[in-house]
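See below for the structure under consideration.
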Amino acid sequence: MSGILIINKPSGMSSFDVIRNLRKNGIREKTGYVGTLDPMAKGVLPLLSGKATKLADYFSATKKSYLAKILFGKSTDSYDITGNVIEEKTDFIMPDIKEINKTLNEFRGKIYQVPPPISAKKINGKRAYSLFRKGEKVELQGVEVEIFSLKNVELYQHELIIEVYCSKGTYIRSIAHDTVS
């Protein structure tokens, strides 16, 4: 079987868990994903199988779209809800929409973004997430990415839902971390 599979990845599975499940269910051809979704993320995960894997570079270079929730007043070591809380403000006052839009504007266009410590980026040949999970300090260099569109969709008491249209290599967790920092 060769082709493009569009998977609605549920929360709680890694992108590779999806491939592992396909293999358990009989797909033996080489299969890979074009971009990854964090295990807690849910959404569209395009997979290429068989001869279609030759199209990976084409798909990887395409723009991505995300809908994400940012929680204000709390920071974690992994930049997401699965990490250990490193700061929680009990006296936090949510910024008004003008301040939020001003901050979001700083992320539009070409920016240098530091990937989160739990990422697949390599440090001396080892994945950052492996080092992080072993308790080692992870310091990654900024990478240029482009944010074509970034807008707030909804604002709740301590949460902001944003829609991001971006280049490959963009980490939404880093946008969230940098927005509330």
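Just remember, in the structure tokens the first chain shown is A, the second B, etc., residues are 1-based per chain, and ligands are 1-based in the order shown.
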Discussion item. I'd like the neighbourhood of range 116-119 of chain A as a ChimeraX atom specification, where a residue qualifies if any of its atoms comes within 9 Å (using only C-alpha atoms), though same-chain residues fewer than 4 positions away should be ignored.
Written reply: /A:77-79,127-133,137-140,171,173-174,177
Output of the above residues as a PDB file, in the first residue's frame, restricted to C-alpha atoms:
ATOM      1  CA  ASP A  77       9.708  23.189  32.660  1.00  0.00           C
ATOM      2  CA  SER A  78       8.475  21.558  29.427  1.00  0.00           C
ATOM      3  CA  TYR A  79       6.445  24.579  28.218  1.00  0.00           C
ATOM      4  CA  ARG A 127      17.497  14.114  21.303  1.00  0.00           C
ATOM      5  CA  ALA A 128      16.724  17.025  23.621  1.00  0.00           C
ATOM      6  CA  TYR A 129      13.711  15.221  25.101  1.00  0.00           C
ATOM      7  CA  SER A 130      15.910  12.250  26.106  1.00  0.00           C
ATOM      8  CA  LEU A 131      18.357  14.511  27.909  1.00  0.00           C
ATOM      9  CA  PHE A 132      15.525  16.456  29.559  1.00  0.00           C
ATOM     10  CA  ARG A 133      13.830  13.291  30.819  1.00  0.00           C
ATOM     11  CA  LYS A 137      20.075  20.597  31.456  1.00  0.00           C
ATOM     12  CA  VAL A 138      18.858  21.308  27.929  1.00  0.00           C
ATOM     13  CA  GLU A 139      19.922  24.501  26.179  1.00  0.00           C
ATOM     14  CA  LEU A 140      18.857  24.885  22.578  1.00  0.00           C
ATOM     15  CA  TYR A 171       6.865  25.123  18.181  1.00  0.00           C
ATOM     16  CA  ARG A 173       4.607  25.520  22.988  1.00  0.00           C
ATOM     17  CA  SER A 174       7.449  28.012  22.610  1.00  0.00           C
ATOM     18  CA  HIS A 177       5.884  30.001  26.833  1.00  0.00           C
TER      19      HIS A 177
END
Worksheet item: Where does DSSP see helix (DSSP H, G or I) in range 8-119 of chain A, if you list the residues as a ChimeraX atom specification?
Response: /A:15-24,50-60,97-105
Let me see the file: selected residues, C-alpha atoms, as a compact mmCIF listing (two decimals), in the first residue's frame.
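Written out: again.txt:
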# COMPACT_ATOMS: atom_id res chain seq x y z
CA SER A 15 2.96 10.60 16.45
CA PHE A 16 5.02 7.42 16.42
CA ASP A 17 2.31 5.59 18.43
CA VAL A 18 0.03 6.16 15.43
CA ILE A 19 2.55 4.46 13.12
CA ARG A 20 3.07 1.66 15.66
CA ASN A 21 -0.71 1.02 15.66
CA LEU A 22 -0.78 0.91 11.86
CA ARG A 23 2.02 -1.66 11.87
CA LYS A 24 0.13 -3.77 14.41
CA GLY A 50 5.25 3.20 0.60
CA LYS A 51 6.29 5.11 -2.51
CA ALA A 52 4.53 8.22 -1.22
CA THR A 53 7.31 8.65 1.38
CA LYS A 54 9.33 10.22 -1.46
CA LEU A 55 6.99 13.21 -1.13
CA ALA A 56 8.09 13.90 2.46
CA ASP A 57 10.27 16.90 1.60
CA TYR A 58 7.40 18.50 -0.30
CA PHE A 59 4.95 18.09 2.59
CA SER A 60 7.46 19.06 5.28
CA ILE A 97 -6.99 42.30 25.04
CA LYS A 98 -4.95 45.29 23.82
CA GLU A 99 -1.88 44.07 25.74
CA ILE A 100 -2.38 40.53 24.48
CA ASN A 101 -2.66 41.69 20.86
CA LYS A 102 0.45 43.86 21.27
CA THR A 103 2.38 40.84 22.59
CA LEU A 104 1.07 38.54 19.83
CA ASN A 105 2.16 41.11 17.24
Worksheet item: Which of these, A:Glu87, A:Glu136, A:Glu106, A:Glu154, has the shortest distance to Ile175 in chain A once you count only C-alpha atoms?
Response: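 Smallest separation from Ile175 in chain A among the options: A:Glu106.
For Asn152 in chain A, the set of protein, DNA and RNA residues having any atom at most 8 Å away, when counting only C-alpha atoms and skipping those fewer than 6 positions along the same chain, is Asn101, Leu160, Ile161, Ile162 and Glu163 of chain A.
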Written selection (all heavy atoms) as a PDB file, in the first residue's frame:
ATOM      1  N   ASN A 101      -2.881  41.499  22.300  1.00  0.00           N
ATOM      2  CA  ASN A 101      -2.664  41.691  20.858  1.00  0.00           C
ATOM      3  C   ASN A 101      -1.306  42.321  20.580  1.00  0.00           C
ATOM      4  O   ASN A 101      -0.648  41.969  19.602  1.00  0.00           O
ATOM      5  CB  ASN A 101      -3.791  42.516  20.253  1.00  0.00           C
ATOM      6  CG  ASN A 101      -5.063  41.708  20.096  1.00  0.00           C
ATOM      7  OD1 ASN A 101      -5.027  40.484  19.943  1.00  0.00           O
ATOM      8  ND2 ASN A 101      -6.199  42.375  20.160  1.00  0.00           N
ATOM      9  N   LEU A 160      -6.194  31.805  26.674  1.00  0.00           N
ATOM     10  CA  LEU A 160      -6.308  32.443  25.374  1.00  0.00           C
ATOM     11  C   LEU A 160      -6.219  31.354  24.319  1.00  0.00           C
ATOM     12  O   LEU A 160      -5.316  30.518  24.366  1.00  0.00           O
ATOM     13  CB  LEU A 160      -5.159  33.440  25.180  1.00  0.00           C
ATOM     14  CG  LEU A 160      -5.017  34.078  23.802  1.00  0.00           C
ATOM     15  CD1 LEU A 160      -6.193  35.012  23.523  1.00  0.00           C
ATOM     16  CD2 LEU A 160      -3.698  34.830  23.708  1.00  0.00           C
ATOM     17  N   ILE A 161      -7.148  31.346  23.400  1.00  0.00           N
ATOM     18  CA  ILE A 161      -7.082  30.416  22.277  1.00  0.00           C
ATOM     19  C   ILE A 161      -6.576  31.205  21.084  1.00  0.00           C
ATOM     20  O   ILE A 161      -7.118  32.271  20.758  1.00  0.00           O
ATOM     21  CB  ILE A 161      -8.445  29.759  21.991  1.00  0.00           C
ATOM     22  CG1 ILE A 161      -8.855  28.907  23.200  1.00  0.00           C
ATOM     23  CG2 ILE A 161      -8.376  28.909  20.717  1.00  0.00           C
ATOM     24  CD1 ILE A 161     -10.183  28.233  23.091  1.00  0.00           C
ATOM     25  N   ILE A 162      -5.506  30.689  20.471  1.00  0.00           N
ATOM     26  CA  ILE A 162      -4.907  31.357  19.323  1.00  0.00           C
ATOM     27  C   ILE A 162      -4.951  30.457  18.108  1.00  0.00           C
ATOM     28  O   ILE A 162      -4.999  29.226  18.221  1.00  0.00           O
ATOM     29  CB  ILE A 162      -3.445  31.786  19.590  1.00  0.00           C
ATOM     30  CG1 ILE A 162      -2.560  30.570  19.927  1.00  0.00           C
ATOM     31  CG2 ILE A 162      -3.380  32.849  20.665  1.00  0.00           C
ATOM     32  CD1 ILE A 162      -1.069  30.864  19.987  1.00  0.00           C
ATOM     33  N   GLU A 163      -4.938  31.088  16.945  1.00  0.00           N
ATOM     34  CA  GLU A 163      -4.833  30.379  15.676  1.00  0.00           C
ATOM     35  C   GLU A 163      -3.512  30.813  15.050  1.00  0.00           C
ATOM     36  O   GLU A 163      -3.244  32.013  14.931  1.00  0.00           O
ATOM     37  CB  GLU A 163      -6.005  30.749  14.778  1.00  0.00           C
ATOM     38  CG  GLU A 163      -6.029  30.018  13.464  1.00  0.00           C
ATOM     39  CD  GLU A 163      -7.242  30.411  12.649  1.00  0.00           C
ATOM     40  OE1 GLU A 163      -7.313  31.585  12.224  1.00  0.00           O
ATOM     41  OE2 GLU A 163      -8.113  29.552  12.452  1.00  0.00           O
TER      42      GLU A 163
END
Write out as a compact mmCIF listing (two decimals) with N, CA and C atoms, in the first residue's frame the set of residues from range 63-128 of chain A that DSSP, computed on the backbone, places in strand (DSSP E).
# COMPACT_ATOMS: atom_id res chain seq x y z
N LYS A 64 1.98 25.27 8.09
CA LYS A 64 1.17 24.52 9.06
C LYS A 64 0.15 25.46 9.70
N SER A 65 -0.93 24.88 10.19
CA SER A 65 -1.96 25.65 10.87
C SER A 65 -2.31 24.95 12.19
N TYR A 66 -2.40 25.74 13.25
CA TYR A 66 -2.69 25.19 14.57
C TYR A 66 -3.71 26.05 15.30
N LEU A 67 -4.49 25.42 16.13
CA LEU A 67 -5.37 26.09 17.07
C LEU A 67 -4.87 25.65 18.44
N ALA A 68 -4.51 26.60 19.28
CA ALA A 68 -3.88 26.25 20.56
C ALA A 68 -4.44 27.07 21.71
N LYS A 69 -4.36 26.49 22.89
CA LYS A 69 -4.81 27.16 24.11
C LYS A 69 -3.59 27.51 24.95
N ILE A 70 -3.52 28.77 25.38
CA ILE A 70 -2.44 29.23 26.25
C ILE A 70 -3.04 29.53 27.62
N LEU A 71 -2.45 28.95 28.64
CA LEU A 71 -2.86 29.18 30.02
C LEU A 71 -1.92 30.21 30.64
N LYS A 74 0.90 30.44 34.85
CA LYS A 74 1.59 29.21 35.24
C LYS A 74 2.64 28.88 34.19
N SER A 75 3.84 28.50 34.64
CA SER A 75 4.91 28.07 33.73
C SER A 75 5.38 26.69 34.14
N THR A 76 5.72 25.88 33.12
CA THR A 76 6.25 24.55 33.40
C THR A 76 7.62 24.39 32.74
N VAL A 85 5.43 22.20 37.27
CA VAL A 85 5.19 23.64 37.44
C VAL A 85 6.42 24.26 38.07
N ILE A 86 6.97 25.28 37.41
CA ILE A 86 8.14 25.98 37.95
C ILE A 86 7.76 27.36 38.49
N GLU A 87 6.59 27.85 38.06
CA GLU A 87 6.10 29.12 38.59
C GLU A 87 4.59 29.16 38.43
N GLU A 88 3.93 29.56 39.52
CA GLU A 88 2.49 29.74 39.47
C GLU A 88 2.17 31.01 40.24
N GLY A 109 5.69 37.35 11.60
CA GLY A 109 6.81 37.53 10.69
C GLY A 109 7.91 36.53 10.99
N LYS A 110 9.13 36.85 10.57
CA LYS A 110 10.27 35.97 10.83
C LYS A 110 10.78 36.26 12.23
N ILE A 111 10.88 35.20 13.02
CA ILE A 111 11.35 35.34 14.41
C ILE A 111 12.37 34.24 14.69
N TYR A 112 13.18 34.47 15.72
CA TYR A 112 14.05 33.40 16.22
C TYR A 112 13.36 32.81 17.42
N GLN A 113 13.15 31.52 17.36
CA GLN A 113 12.42 30.83 18.40
C GLN A 113 13.30 29.76 19.02
N LYS A 122 18.46 17.84 18.21
CA LYS A 122 19.60 17.08 18.72
C LYS A 122 20.65 17.99 19.36
N ILE A 123 21.20 17.50 20.45
CA ILE A 123 22.31 18.15 21.15
C ILE A 123 23.41 17.10 21.24
N LYS A 126 22.21 13.63 20.55
CA LYS A 126 21.13 13.06 21.38
C LYS A 126 19.92 13.97 21.34
N ARG A 127 18.74 13.36 21.33
CA ARG A 127 17.50 14.11 21.30
C ARG A 127 17.33 14.91 22.60
Set out as CSV a contact list for range 108-169 of chain A and range 91-96 of chain A with a cut-off of 10 Å, giving each residue of range 108-169 of chain A that qualifies its closest atom pair and distance in Å to one decimal, counting only C-alpha atoms, ordered by chain and rising residue number.
residue,atom,partner,partner_atom,distance
A:Leu155,CA,A:Asp96,CA,9.6
A:Tyr156,CA,A:Met94,CA,9.4
A:Gln157,CA,A:Met94,CA,7.2
A:His158,CA,A:Met94,CA,6.3
A:Glu159,CA,A:Met94,CA,8.8
Worksheet item: Interatomic distance between CA of Lys121 in chain A and CA of Tyr165 in chain A?
Response: 21.4 Å
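Counting only C-alpha atoms and comparing A:Ile7, A:Glu146, A:Val114, A:Leu48, the residue that lies closest to Ser167 in chain A is A:Glu146.
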Worksheet entry | Among the residues A:Leu150, A:Val143, A:Ala41, A:Met1, the one that comes closest to Gly26 in chain A [using only C-alpha atoms] |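 Under the stated criterion, the closest residue is A:Met1.
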